[in-house]
Every structure is written in structure tokens, then in C-alpha cells.
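J.: Input file: upload_17.cif. Contents: mmCIF, C-alpha atoms.
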```cif
data_target
#
loop_
_atom_site.label_atom_id
_atom_site.label_comp_id
_atom_site.auth_asym_id
_atom_site.auth_seq_id
_atom_site.Cartn_x
_atom_site.Cartn_y
_atom_site.Cartn_z
CA MET A 1 122.57 84.99 116.12
CA SER A 2 121.78 86.34 119.55
CA ILE A 3 122.67 89.40 121.54
CA GLU A 4 125.41 88.54 123.98
CA GLY A 5 124.32 88.56 127.61
CA TRP A 6 120.65 89.06 126.72
CA ASP A 7 118.01 86.80 128.25
CA VAL A 8 114.41 87.78 127.59
CA THR A 9 113.15 85.59 130.48
CA ALA A 10 115.06 87.82 132.92
CA LEU A 11 112.44 90.52 132.26
CA GLY A 12 109.84 88.42 134.07
CA THR A 13 106.30 87.74 132.96
CA GLY A 14 104.56 90.70 131.39
CA ARG A 15 100.93 91.67 131.05
CA VAL A 16 99.10 91.76 127.75
CA LEU A 17 98.22 95.42 127.17
CA PRO A 18 95.66 96.86 124.77
CA VAL A 19 97.18 98.23 121.55
CA VAL A 20 96.13 101.77 120.64
CA THR A 21 95.38 102.78 117.06
CA ALA A 22 95.76 105.97 115.01
CA PRO A 23 94.72 108.74 115.43
CA GLU A 24 95.62 108.22 119.11
CA PRO A 25 97.87 111.25 119.89
CA VAL A 26 100.52 109.20 121.74
CA LEU A 27 101.45 107.60 118.41
CA SER A 28 102.48 110.98 117.02
CA ARG A 29 104.53 112.21 119.98
CA VAL A 30 108.29 111.82 120.20
CA GLY A 31 108.89 109.26 122.94
CA GLU A 32 110.78 110.24 126.09
CA PRO A 33 114.15 108.56 126.66
CA VAL A 34 114.03 106.02 129.48
CA ASP A 35 116.36 104.66 132.15
CA PRO A 36 116.70 101.03 131.05
CA THR A 37 117.54 99.90 134.60
CA ASP A 38 114.35 101.39 136.07
CA PRO A 39 112.15 98.46 137.29
CA GLN A 40 109.12 100.13 135.69
CA VAL A 41 110.89 100.17 132.34
CA VAL A 42 111.85 96.50 132.75
CA ALA A 43 108.19 95.70 133.56
CA LEU A 44 107.06 97.62 130.47
CA ALA A 45 109.60 95.67 128.40
CA ALA A 46 108.07 92.43 129.69
CA ASP A 47 104.59 93.78 128.83
CA LEU A 48 105.70 94.54 125.27
CA VAL A 49 107.09 91.01 124.89
CA ALA A 50 103.87 89.49 126.27
CA THR A 51 101.62 91.68 124.10
CA MET A 52 103.60 90.92 120.95
CA ALA A 53 103.52 87.20 121.72
CA VAL A 54 99.71 87.06 121.71
CA SER A 55 99.36 89.20 118.56
CA PRO A 56 99.32 87.01 115.44
CA GLY A 57 101.85 88.05 112.81
CA CYS A 58 103.32 90.77 115.03
CA VAL A 59 107.08 91.16 114.54
CA GLY A 60 107.56 94.28 116.63
CA LEU A 61 105.81 96.49 119.14
CA ALA A 62 106.81 99.89 120.49
CA ALA A 63 105.81 101.46 123.80
CA PRO A 64 103.71 104.24 122.17
CA GLN A 65 101.55 101.46 120.69
CA VAL A 66 100.49 100.44 124.18
CA GLY A 67 99.88 104.08 125.08
CA VAL A 68 103.24 104.84 126.73
CA GLY A 69 105.20 107.61 125.02
CA VAL A 70 108.73 106.37 125.67
CA GLN A 71 111.62 105.00 123.61
CA LEU A 72 111.29 101.29 124.15
CA PHE A 73 110.35 98.53 121.74
CA VAL A 74 110.49 94.80 121.16
CA VAL A 75 111.32 93.04 117.89
CA ASN A 76 111.11 89.37 116.94
CA VAL A 77 111.39 88.30 113.30
CA THR A 78 112.26 84.68 114.12
CA ASP A 79 111.13 82.31 111.33
CA HIS A 80 109.87 85.14 109.15
CA PRO A 81 110.35 84.25 105.48
CA LYS A 82 111.73 87.70 104.61
CA ALA A 83 114.29 87.67 107.43
CA ALA A 84 118.00 87.01 106.88
CA THR A 85 119.92 88.01 110.00
CA VAL A 86 117.82 87.24 113.09
CA HIS A 87 118.62 88.21 116.68
CA GLY A 88 115.56 86.54 118.22
CA VAL A 89 113.33 88.36 120.69
CA PHE A 90 114.95 91.51 122.02
CA VAL A 91 113.95 94.77 123.62
CA LEU A 92 115.85 98.00 123.11
CA ALA A 93 115.63 101.30 124.93
CA ASN A 94 116.67 104.66 123.45
CA ALA A 95 117.64 103.09 120.13
CA VAL A 96 119.26 105.15 117.40
CA ILE A 97 120.11 104.24 113.82
CA VAL A 98 123.78 105.05 113.27
CA GLU A 99 124.23 103.61 109.78
CA ALA A 100 121.73 102.85 107.03
CA SER A 101 122.27 101.65 103.48
CA ARG A 102 120.80 99.49 100.69
CA TRP A 103 117.48 101.32 100.51
CA ARG A 104 114.64 99.21 99.17
CA PRO A 105 110.89 99.55 98.94
CA GLY A 106 108.65 97.08 100.71
CA ARG A 107 105.07 96.83 101.91
CA GLU A 108 104.36 97.01 105.61
CA GLY A 109 101.48 97.14 108.03
CA CYS A 110 101.10 98.12 111.65
CA MET A 111 98.91 96.99 114.53
CA SER A 112 98.20 100.66 115.22
CA VAL A 113 96.95 101.24 111.65
CA PRO A 114 95.01 97.99 111.31
CA ASP A 115 93.09 98.73 108.12
CA LEU A 116 95.90 99.92 105.84
CA THR A 117 99.25 98.82 104.50
CA GLY A 118 101.75 100.91 102.57
CA ASP A 119 104.92 100.85 100.51
CA VAL A 120 107.85 102.34 102.41
CA LYS A 121 111.47 102.60 101.40
CA ARG A 122 113.71 101.28 104.19
CA ALA A 123 117.38 100.55 104.55
CA GLY A 124 118.21 96.90 103.94
CA ARG A 125 121.24 97.11 106.15
CA ILE A 126 121.50 99.10 109.38
CA VAL A 127 123.57 99.55 112.48
CA VAL A 128 121.55 100.44 115.57
CA THR A 129 122.70 101.35 119.05
CA GLY A 130 120.49 100.99 122.09
CA GLU A 131 120.33 99.87 125.70
CA LEU A 132 119.09 96.56 127.07
CA PRO A 133 116.36 96.79 129.71
CA GLY A 134 117.53 95.39 133.02
CA SER A 135 121.30 95.64 132.71
CA GLY A 136 121.19 98.95 130.84
CA ARG A 137 124.10 97.67 128.80
CA LYS A 138 124.68 99.58 125.58
CA VAL A 139 124.65 97.34 122.51
CA THR A 140 125.34 97.79 118.83
CA ILE A 141 123.26 95.64 116.50
CA THR A 142 124.10 95.16 112.85
CA THR A 143 121.32 93.62 110.84
CA ASP A 144 119.67 93.46 107.44
CA ALA A 145 116.59 92.52 105.42
CA PHE A 146 113.36 92.16 107.38
CA GLU A 147 114.87 92.61 110.84
CA ALA A 148 116.32 95.93 109.63
CA ARG A 149 112.87 96.96 108.37
CA ALA A 150 111.21 95.97 111.65
CA LEU A 151 113.79 97.94 113.67
CA GLN A 152 113.30 101.06 111.53
CA HIS A 153 109.52 100.78 111.88
CA GLU A 154 109.76 100.49 115.69
CA ILE A 155 112.36 103.27 116.03
CA ASP A 156 109.99 105.45 113.99
CA HIS A 157 107.24 104.71 116.53
CA CYS A 158 109.57 105.86 119.30
CA ASN A 159 110.01 109.11 117.36
CA GLY A 160 106.29 109.66 116.87
CA LEU A 161 106.22 108.50 113.25
CA LEU A 162 103.95 105.96 111.54
CA PHE A 163 104.54 104.27 108.20
CA LEU A 164 101.86 106.65 106.90
CA ASP A 165 104.45 109.43 107.30
CA LYS A 166 106.83 107.64 104.96
CA VAL A 167 104.75 106.04 102.22
CA SER A 168 106.31 106.28 98.80
CA GLY A 169 103.44 107.79 96.79
CA ALA A 170 99.84 108.89 96.58
CA HIS A 171 98.87 105.37 95.51
CA ALA A 172 101.21 103.51 97.85
CA ILE A 173 98.49 102.98 100.48
CA TYR A 174 96.34 99.88 100.36
CA GLN A 175 93.25 98.72 102.15
CA ARG A 176 94.32 95.69 104.11
CA LYS A 177 92.69 92.56 102.78
CA VAL A 178 94.28 89.86 104.90
CA TYR A 179 94.38 90.00 108.67
CA LEU A 180 96.68 87.55 110.42
CA MET B 1 94.97 109.19 57.20
CA THR B 2 92.63 107.29 59.44
CA ASP B 3 92.70 109.58 62.38
CA VAL B 4 93.57 107.26 65.24
CA HIS B 5 95.14 110.26 66.91
CA GLY B 6 91.92 112.18 66.56
CA ALA B 7 90.11 114.09 69.24
CA GLU B 8 91.43 113.75 72.76
CA LEU B 9 88.50 112.98 75.00
CA ALA B 10 88.10 112.76 78.76
CA VAL B 11 85.74 110.04 79.91
CA THR B 12 84.49 109.54 83.45
CA VAL B 13 82.44 106.61 84.64
CA ILE B 14 81.24 106.20 88.21
CA GLY B 15 78.69 104.00 89.89
CA PRO B 16 78.15 101.08 92.26
CA ASP B 17 80.84 98.48 91.66
CA ARG B 18 79.99 95.32 89.75
CA THR B 19 81.99 92.92 87.63
CA GLY B 20 82.60 93.97 84.04
CA ILE B 21 82.51 97.78 84.22
CA VAL B 22 86.05 98.14 82.85
CA ALA B 23 85.46 95.49 80.19
CA ASP B 24 82.20 97.13 79.09
CA VAL B 25 83.73 100.61 78.83
CA ALA B 26 86.97 99.44 77.18
CA GLU B 27 85.07 97.30 74.70
CA ALA B 28 82.76 100.15 73.72
CA LEU B 29 85.76 102.43 73.21
CA ALA B 30 87.69 99.80 71.25
CA THR B 31 84.72 99.21 68.97
CA LEU B 32 84.77 102.92 68.13
CA GLY B 33 88.51 102.78 67.46
CA ALA B 34 89.21 104.93 70.51
CA ASN B 35 92.66 104.43 71.99
CA LEU B 36 92.72 104.51 75.77
CA THR B 37 95.81 106.42 76.93
CA ASP B 38 96.16 107.56 80.58
CA SER B 39 93.61 106.33 83.08
CA THR B 40 92.91 105.73 86.73
CA MET B 41 90.32 103.18 87.72
CA THR B 42 89.65 102.42 91.33
CA ARG B 43 87.01 101.54 93.87
CA LEU B 44 86.02 104.30 96.24
CA ARG B 45 83.88 103.10 99.14
CA GLY B 46 82.01 100.61 96.93
CA HIS B 47 81.71 102.91 93.92
CA PHE B 48 83.83 102.15 90.91
CA ALA B 49 85.36 105.30 89.42
CA MET B 50 87.11 105.54 86.08
CA THR B 51 88.75 108.65 84.73
CA LEU B 52 90.48 108.25 81.43
CA ILE B 53 91.79 110.04 78.41
CA CYS B 54 91.37 108.46 75.00
CA THR B 55 92.13 109.53 71.48
CA ALA B 56 89.19 108.76 69.28
CA PRO B 57 88.39 109.07 65.58
CA ALA B 58 84.99 110.18 66.78
CA SER B 59 83.43 113.17 68.47
CA ALA B 60 82.58 113.39 72.14
CA THR B 61 78.91 113.09 71.23
CA GLU B 62 79.53 109.91 69.27
CA VAL B 63 81.54 108.36 72.09
CA GLU B 64 78.89 109.38 74.60
CA HIS B 65 76.28 107.74 72.42
CA ALA B 66 78.32 104.52 72.21
CA LEU B 67 78.55 104.45 76.00
CA LEU B 68 74.83 105.07 76.52
CA PRO B 69 73.93 101.40 77.11
CA LEU B 70 76.22 101.47 80.14
CA SER B 71 74.11 104.05 81.92
CA ALA B 72 70.79 102.65 80.70
CA ASP B 73 69.96 101.02 84.04
CA GLY B 74 70.56 104.30 85.87
CA GLN B 75 73.43 102.88 87.92
CA LEU B 76 76.47 104.26 86.11
CA LEU B 77 77.07 107.93 85.40
CA VAL B 78 79.08 108.44 82.21
CA THR B 79 80.46 111.72 80.90
CA VAL B 80 82.55 112.45 77.82
CA ARG B 81 84.11 115.75 76.86
CA ASP B 82 86.61 117.01 74.35
CA VAL B 83 89.78 118.12 76.13
CA GLY B 84 91.92 119.08 73.15
CA GLY B 85 95.36 117.72 72.55
CA ASP B 86 97.44 120.02 74.67
CA GLU B 87 100.07 118.48 76.86
CA ALA B 88 99.54 119.22 80.52
CA ALA B 89 101.54 122.19 81.68
CA HIS B 90 104.57 121.17 83.69
CA ASN B 91 105.68 123.73 86.19
CA GLY B 92 109.15 122.25 86.49
CA GLY B 93 108.99 122.05 90.25
CA LEU B 94 110.72 119.62 92.55
CA PRO B 95 108.74 116.48 93.44
CA TYR B 96 107.68 116.19 97.09
CA LEU B 97 105.47 113.82 99.04
CA LEU B 98 102.99 115.07 101.58
CA SER B 99 101.36 112.84 104.19
CA VAL B 100 98.61 114.07 106.49
CA HIS B 101 96.83 111.88 109.02
CA GLY B 102 94.68 112.30 112.06
CA ALA B 103 91.16 112.26 113.38
CA ASP B 104 88.65 112.93 110.63
CA ARG B 105 87.14 116.39 110.53
CA LEU B 106 85.72 118.74 107.97
CA GLY B 107 88.13 120.68 105.78
CA ILE B 108 91.45 118.84 106.12
CA VAL B 109 91.99 118.53 102.36
CA ALA B 110 90.80 122.08 101.76
CA ALA B 111 93.08 123.66 104.35
CA VAL B 112 96.17 121.64 103.44
CA THR B 113 95.90 122.02 99.68
CA ARG B 114 95.19 125.74 100.01
CA VAL B 115 98.51 126.19 101.80
CA VAL B 116 100.24 124.18 99.06
CA ALA B 117 98.57 126.26 96.34
CA GLU B 118 99.49 129.55 98.04
CA ALA B 119 103.13 128.44 98.01
CA GLY B 120 102.92 127.87 94.25
CA GLY B 121 102.87 124.09 94.71
CA ASN B 122 101.04 121.94 92.21
CA VAL B 123 99.28 118.76 93.34
CA THR B 124 99.98 116.10 90.70
CA ASP B 125 98.45 113.12 92.48
CA LEU B 126 96.44 112.77 95.64
CA SER B 127 94.52 110.08 97.42
CA THR B 128 92.62 110.05 100.67
CA ARG B 129 91.32 107.27 102.87
CA LEU B 130 88.89 107.26 105.73
CA VAL B 131 89.22 104.13 107.83
CA GLY B 132 87.27 104.23 111.08
CA PRO B 133 88.16 107.50 112.79
CA LEU B 134 91.45 107.83 110.90
CA TYR B 135 91.71 110.18 107.94
CA LEU B 136 94.73 109.93 105.68
CA LEU B 137 95.84 112.10 102.78
CA VAL B 138 98.91 111.34 100.66
CA ALA B 139 99.77 113.79 97.90
CA GLU B 140 102.51 114.19 95.36
CA VAL B 141 103.27 117.85 94.82
CA ASP B 142 105.64 119.78 92.60
CA LEU B 143 107.16 122.67 94.51
CA PRO B 144 109.09 125.67 93.20
CA GLU B 145 112.70 125.80 94.31
CA GLY B 146 113.25 127.47 97.67
CA VAL B 147 109.68 126.88 98.78
CA PRO B 148 109.78 123.56 100.72
CA GLY B 149 111.29 124.91 103.96
CA GLU B 150 108.76 127.71 104.36
CA LEU B 151 105.89 125.49 103.20
CA ALA B 152 106.78 122.85 105.80
CA LYS B 153 106.46 125.53 108.50
CA ARG B 154 103.08 126.72 107.19
CA LEU B 155 101.84 123.15 106.91
CA ALA B 156 102.92 122.44 110.49
CA HIS B 157 100.92 125.48 111.60
CA VAL B 158 97.79 124.39 109.70
CA ALA B 159 98.22 120.80 110.95
CA GLU B 160 98.30 122.05 114.52
CA GLU B 161 95.08 123.99 113.98
CA LEU B 162 93.45 120.90 112.46
CA GLY B 163 94.86 118.54 115.10
CA VAL B 164 96.50 116.33 112.47
CA GLU B 165 100.02 115.19 111.67
CA VAL B 166 101.79 116.42 108.54
CA ASN B 167 104.97 115.25 106.88
CA LEU B 168 106.55 116.85 103.80
CA ARG B 169 109.54 115.11 102.24
CA PRO B 170 111.41 115.00 98.93
CA ALA B 171 110.21 112.31 96.53
CA GLY B 172 113.35 112.09 94.48
CA ALA B 173 113.20 109.05 92.24
CA ASP B 174 116.35 107.05 91.66
CA VAL B 175 117.10 106.77 87.98
CA LEU B 176 118.59 103.36 87.26
#
```
Reformat the file's structure so that it appears as C-alpha cells.

T.:
Amino acid sequence: MSIEGWDVTALGTGRVLPVVTAPEPVLSRVGEPVDPTDPQVVALAADLVATMAVSPGCVGLAAPQVGVGVQLFVVNVTDHPKAATVHGVFVLANAVIVEASRWRPGREGCMSVPDLTGDVKRAGRIVVTGELPGSGRKVTITTDAFEARALQHEIDHCNGLLFLDKVSGAHAIYQRKVYL
Amino acid sequence: MTDVHGAELAVTVIGPDRTGIVADVAEALATLGANLTDSTMTRLRGHFAMTLICTAPASATEVEHALLPLSADGQLLVTVRDVGGDEAAHNGGLPYLLSVHGADRLGIVAAVTRVVAEAGGNVTDLSTRLVGPLYLLVAEVDLPEGVPGELAKRLAHVAEELGVEVNLRPAGADVL
């Protein structure tokens, strides 16, 4: 499945940016909405794609993670064993979850919290609206399983939230043992 | 009756981690006929820490004596005390989860849990982690009805003073 009219190569070649880690304050600030047609936003979208591509095991990256407090993120769960519906590599600006159901626990990590993982309950089926960088076209994405989890994690980043803010119990945090 | 439901004892064991601590303690207790009930056993920055309750047909002194070989090399600290058989008081509050994270500094746990206590909240489980510069606290708290809204405001105030992030949310379990 792909998003109609979306071509990631149209963003151009991005730069690989350093990823910031908690407790960096930008990770806890609500991101500013962006104009998805702004060339600077398109360039940042390309940077997110490039930075995710060189990060092993990375299935999503939000602008606050590269130190920019705005509502923009990339997701790519292609070939992930936990994925069902897959939309490939895509970047969304100003994304909002409009429907969420089938809540399930699952363990997740984050490049910005490199030493810990945690159990977080996420919706297994969601409907998200957002805007595509470049065209600015508004899209509605319906997805499930791991792509839904990745989207919720990235949208949380855009709202200044980490998985640490949502862990399911006092013993639901784990020292990370395997680094991809 | 053979008193398998005898004295309720609290046992703590802490020391540098090595293989076999749990087996050694559990074996010593089993040999005495002590029944291990609730426990937490975990590694804290290279130290292995056990806290457990057992019911034993033996006194605290006898159990302590049976565990003496464990602390013989001076590495493990073992304590045993009689805690009576009373069930823990349950304040009947609503279960909430509290996350706090930010740059490590002195007094985060003290300041946050004081605010919870002042609101009549009872911490039922809590763990903290220090990884690099990041300090994380996750607590399960029982809160009296009507308290969460005001507590969230007070926590936000304390968090701002400490320069940390705080998140208080209901921990309602789904009963299936």
C-alpha cells in the first residue's frame, strides 16, 4: 500500500543530522505546527528520511529528535516482522490521530532514550490525518499493528511526549540489552 | 498442626551480584520449611537485591541463623525480621501511574513523593533508573477520589521547579 501522489524522492537528498537524547528539553516541548510547503520544511523532511535511513533498526524519526521542535516526522516499517499494513516511507506534517481502537501493550524503544525500553499500550488500529511535505496535500491514513504503533510514537514526539510518559507500570521499564 | 503458616517474616538480601544468590536463599528457606510468598528480586547497578516475605515454622532468629552462611564472606547483607501476619492496609484509592523524567539532580524522588503524600496518595510500587544524565521515576500510586486533578497541578509546579517532566495518568486495568 502506498500513499497516493507521494514520492519520497521528490524531497531531494537530505543531510544526516545528529539525534538528541533525553533529557534534551526539545524532546519535552510541544512541537510548533509547520507549513508543509515551506522549502525549509521540505528540506527538514529530507533530513529526517536521510537520518532514519542510516540508523539501524529505526522505524520512525520525529523533528524534535534532531533538535527541531516542530510537528514533522518520518515513518518506515517496511519489512518489519510486526507490521501488517505498510505505507512505505512517508513524512507527515501536523499529524493528528482522529480514531484509535484495539488497544494492546507492546514493548518499544527510542533513539532518544537509547538505554531503556518500555511497555506501552497503543492502539492497534488508527486513523491519522496529516499533510505531505512539498505538496501540502492533506491525507488520511488508516493503518494497524506496528505501523500504527510507530505513528503514535512519532506523533507523541511532536507533542513533547516520550514513551517514558506512557509506560504501563513501575516495572515496565527495562535496561536495553540489544542494540541494533 | 505443623505450622506452615507460622510467623510471617521479612527477609532482605543485598550484595554484589553473582550466580546462585536466589538459589542459595530459596534453598535455605525451603530447608527450614519456610514458604516464600511475595517477593521482588532485581539487580540494582550491579548489586542484587531481594526483598521477600515468607511464612516460616521458625522464628526470625532461626531463619537468620540458617542464612548466616550466605553472609559469611562479607559480601551479602542479610536481614530477617518478624512482620506479623497483618494484611497490608488498603486505602481504597484509585490506581494512577506517575512518570517523572529529566536531568538527574538531588531530591527528585523526595520532592515528588512528598507532594503525592500530602495529597493523601499512597505509593504502592516505584522504580527509578539513572542512565547517563537521564533520571527516570515510574510510580504506581493509589489516590483518593477527587484528588488527581489538583495533584496533577501541584506535580506540574514541582516538576517545573526541578526542571523535569511529569505525567500523571489513570492506570485502570481491564478486567477480562

J.: Find the nearest atom pair between each residue of chain B and chain A for residues within 10 Å, count all atoms listed in the file, give distances in Å to one decimal, sort rows by chain and ascending number, and present the table as a tab-separated table.

T.:
```
residue	atom	partner	partner_atom	distance
B:Tyr96	CA	A:Gly169	CA	9.4
B:Leu97	CA	A:Gly169	CA	6.7
B:Leu98	CA	A:Asp165	CA	8.2
B:Ser99	CA	A:Asp165	CA	5.6
B:Val100	CA	A:Asp165	CA	7.5
B:His101	CA	A:Pro23	CA	7.4
B:Gly102	CA	A:Pro23	CA	4.9
B:Ala103	CA	A:Pro23	CA	5.4
B:Asp104	CA	A:Pro23	CA	8.8
B:Thr124	CA	A:Ala170	CA	9.3
B:Asp125	CA	A:Ala170	CA	6.1
B:Leu126	CA	A:Ala170	CA	5.2
B:Ser127	CA	A:Ala170	CA	5.5
B:Thr128	CA	A:Ala170	CA	8.4
B:Arg129	CA	A:Ile173	CA	8.7
B:Leu130	CA	A:Asp115	CA	9.8
B:Val131	CA	A:Asp115	CA	6.6
B:Gly132	CA	A:Asp115	CA	8.5
B:Pro133	CA	A:Pro23	CA	7.2
B:Leu134	CA	A:Pro23	CA	5.7
B:Tyr135	CA	A:Pro23	CA	8.2
B:Leu136	CA	A:Leu164	CA	7.9
B:Leu137	CA	A:Ala170	CA	8.0
B:Val138	CA	A:Ala170	CA	4.8
B:Ala139	CA	A:Ala170	CA	5.1
B:Glu140	CA	A:Ala170	CA	6.1
B:Val141	CA	A:Ala170	CA	9.8
B:Gly163	CA	A:Pro25	CA	9.2
B:Val164	CA	A:Pro23	CA	8.3
B:Glu165	CA	A:Ser28	CA	7.2
B:Val166	CA	A:Asp165	CA	7.6
B:Asn167	CA	A:Asp165	CA	5.9
B:Leu168	CA	A:Asp165	CA	8.5
B:Arg169	CA	A:Lys166	CA	8.4
B:Ala171	CA	A:Ser168	CA	7.5
B:Ala173	CA	A:Ser168	CA	9.9
```

J.: Got a sec: who's within 7 Å of Ser39 in chain B, counting all atoms listed in the file, leaving out chain neighbours fewer than 2 positions off, as a short mmCIF file (atom, residue, chain, number, x, y, z; two decimals) with C-alpha atoms, in the frame of the given file?

T.:
```
data_model
loop_
_atom_site.label_atom_id
_atom_site.label_comp_id
_atom_site.auth_asym_id
_atom_site.auth_seq_id
_atom_site.Cartn_x
_atom_site.Cartn_y
_atom_site.Cartn_z
CA THR B 37 95.81 106.42 76.93
CA MET B 41 90.32 103.18 87.72
CA THR B 51 88.75 108.65 84.73
CA LEU B 52 90.48 108.25 81.43
CA ILE B 53 91.79 110.04 78.41
#
```

J.: Work out how far apart CA of Val83 in chain B and CA of Ala119 in chain B are and give it in Å to one decimal.

T.: 27.6 Å

J.: Calculate how many Å separate CA of Ala50 in chain A from CA of His87 in chain A, rounding to one decimal.

T.: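 That distance, rounded to one decimal, is 17.6 Å.
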
J.: List the neighbours of range 110-112 of chain B out to 9 Å using only C-alpha atoms; skip same-chain residues closer than 3 positions along the sequence, and give me the result as a PyMOL selection string.

T.: chain B and resi 100+106-107+115-117+155+158-159+162

J.: Just to confirm, what's the straight-line distance from CA of Ala10 in chain B to CA of Val123 in chain B in Å (one decimal)?

T.: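 CA of Val123 in chain B lies at a distance of 19.3 Å from CA of Ala10 in chain B.
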
J.: As a PDB file with C-alpha atoms, in the frame of the given file, please: the residues near Gly92 in chain B (cut-off 12 Å, only C-alpha atoms, same-chain neighbours under 4 positions excluded).

T.:
```pdb
ATOM      1  CA  ALA B  88      99.540 119.220  80.520  1.00  0.00           C
ATOM      2  CA  GLY B 120     102.920 127.870  94.250  1.00  0.00           C
ATOM      3  CA  GLY B 121     102.870 124.090  94.710  1.00  0.00           C
ATOM      4  CA  ASN B 122     101.040 121.940  92.210  1.00  0.00           C
ATOM      5  CA  THR B 124      99.980 116.100  90.700  1.00  0.00           C
ATOM      6  CA  VAL B 141     103.270 117.850  94.820  1.00  0.00           C
ATOM      7  CA  ASP B 142     105.640 119.780  92.600  1.00  0.00           C
ATOM      8  CA  LEU B 143     107.160 122.670  94.510  1.00  0.00           C
ATOM      9  CA  PRO B 144     109.090 125.670  93.200  1.00  0.00           C
ATOM     10  CA  GLU B 145     112.700 125.800  94.310  1.00  0.00           C
TER      11      GLU B 145
END
```

J.: If you apply the PyMOL selection byres ((chain A and resi 96) around 9) to this file, what residues do you get, as a VMD selection string?

T.: chain A and resid 94 to 95 97 to 98 127 to 130 155

J.: Can you pull out every residue within 12 Å of Ile21 in chain B, counting all atoms listed in the file, but drop anything in the same chain fewer than 3 positions away, and send it as a list of chain:residue names?

T.: B:Thr12, B:Val13, B:Ile14, B:Gly15, B:Pro16, B:Asp17, B:Arg18, B:Asp24, B:Val25, B:Ala26, B:Glu27, B:Ala28, B:Met41, B:Thr42, B:Arg43, B:His47, B:Phe48, B:Ala49, B:Met50, B:Leu67, B:Pro69, B:Leu70, B:Ser71, B:Gln75, B:Leu76, B:Leu77, B:Val78

J.: Using only C-alpha atoms, which residues sit within 7 Å of range 103-111 of chain A once same-chain residues fewer than 5 positions away are excluded, as a list in words?

T.: Leu116, Thr117, Gly118, Asp119, Val120, Lys121, Arg122, Ala123 and Gly124 of chain A

J.: On this structure, the PyMOL selection byres ((chain A and resi 66) around 10) would catch which residues? List them as a PyMOL selection string, sorted by chain and number.

T.: chain A and resi 16-21+26-27+44+47-48+51+61-65+67-69+112

J.: Please produce a file of those selected residues containing C-alpha atoms, as a PDB file, keeping the file's coordinate frame.

T.:
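File written: out.pdb
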```
ATOM      1  CA  VAL A  16      99.100  91.760 127.750  1.00  0.00           C
ATOM      2  CA  LEU A  17      98.220  95.420 127.170  1.00  0.00           C
ATOM      3  CA  PRO A  18      95.660  96.860 124.770  1.00  0.00           C
ATOM      4  CA  VAL A  19      97.180  98.230 121.550  1.00  0.00           C
ATOM      5  CA  VAL A  20      96.130 101.770 120.640  1.00  0.00           C
ATOM      6  CA  THR A  21      95.380 102.780 117.060  1.00  0.00           C
ATOM      7  CA  VAL A  26     100.520 109.200 121.740  1.00  0.00           C
ATOM      8  CA  LEU A  27     101.450 107.600 118.410  1.00  0.00           C
ATOM      9  CA  LEU A  44     107.060  97.620 130.470  1.00  0.00           C
ATOM     10  CA  ASP A  47     104.590  93.780 128.830  1.00  0.00           C
ATOM     11  CA  LEU A  48     105.700  94.540 125.270  1.00  0.00           C
ATOM     12  CA  THR A  51     101.620  91.680 124.100  1.00  0.00           C
ATOM     13  CA  LEU A  61     105.810  96.490 119.140  1.00  0.00           C
ATOM     14  CA  ALA A  62     106.810  99.890 120.490  1.00  0.00           C
ATOM     15  CA  ALA A  63     105.810 101.460 123.800  1.00  0.00           C
ATOM     16  CA  PRO A  64     103.710 104.240 122.170  1.00  0.00           C
ATOM     17  CA  GLN A  65     101.550 101.460 120.690  1.00  0.00           C
ATOM     18  CA  GLY A  67      99.880 104.080 125.080  1.00  0.00           C
ATOM     19  CA  VAL A  68     103.240 104.840 126.730  1.00  0.00           C
ATOM     20  CA  GLY A  69     105.200 107.610 125.020  1.00  0.00           C
ATOM     21  CA  SER A 112      98.200 100.660 115.220  1.00  0.00           C
TER      22      SER A 112
END
```

J.: Tell me which of A:Val77, A:Ala10, A:Val49, A:Val30 sits closest to Phe146 in chain A, counting all atoms listed in the file.

T.: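 Residue with the minimum atom-to-atom distance to Phe146 in chain A: A:Val77.
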
J.: For the point (121.0, 98.7, 131.1) in the file's frame, write as a count of residues only all residues with an atom no more than 12 Å away, counting all atoms listed in the file.

T.: 25

J.: Any chance you could work out the residue set of the PyMOL selection byres ((chain A and resi 126) around 6) here, as a PyMOL selection string?

T.: chain A and resi 99-100+125+127+142-143

J.: Using all atoms listed in the file, can you list as a list of chain:residue names the residues within 6 Å of (88.7, 112.2, 73.1)?

T.: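 In the file's frame, the residues around the point are B:Ala7, B:Glu8, B:Leu9, B:Ala10, B:Cys54, B:Thr55, B:Ala56, B:Asp82.
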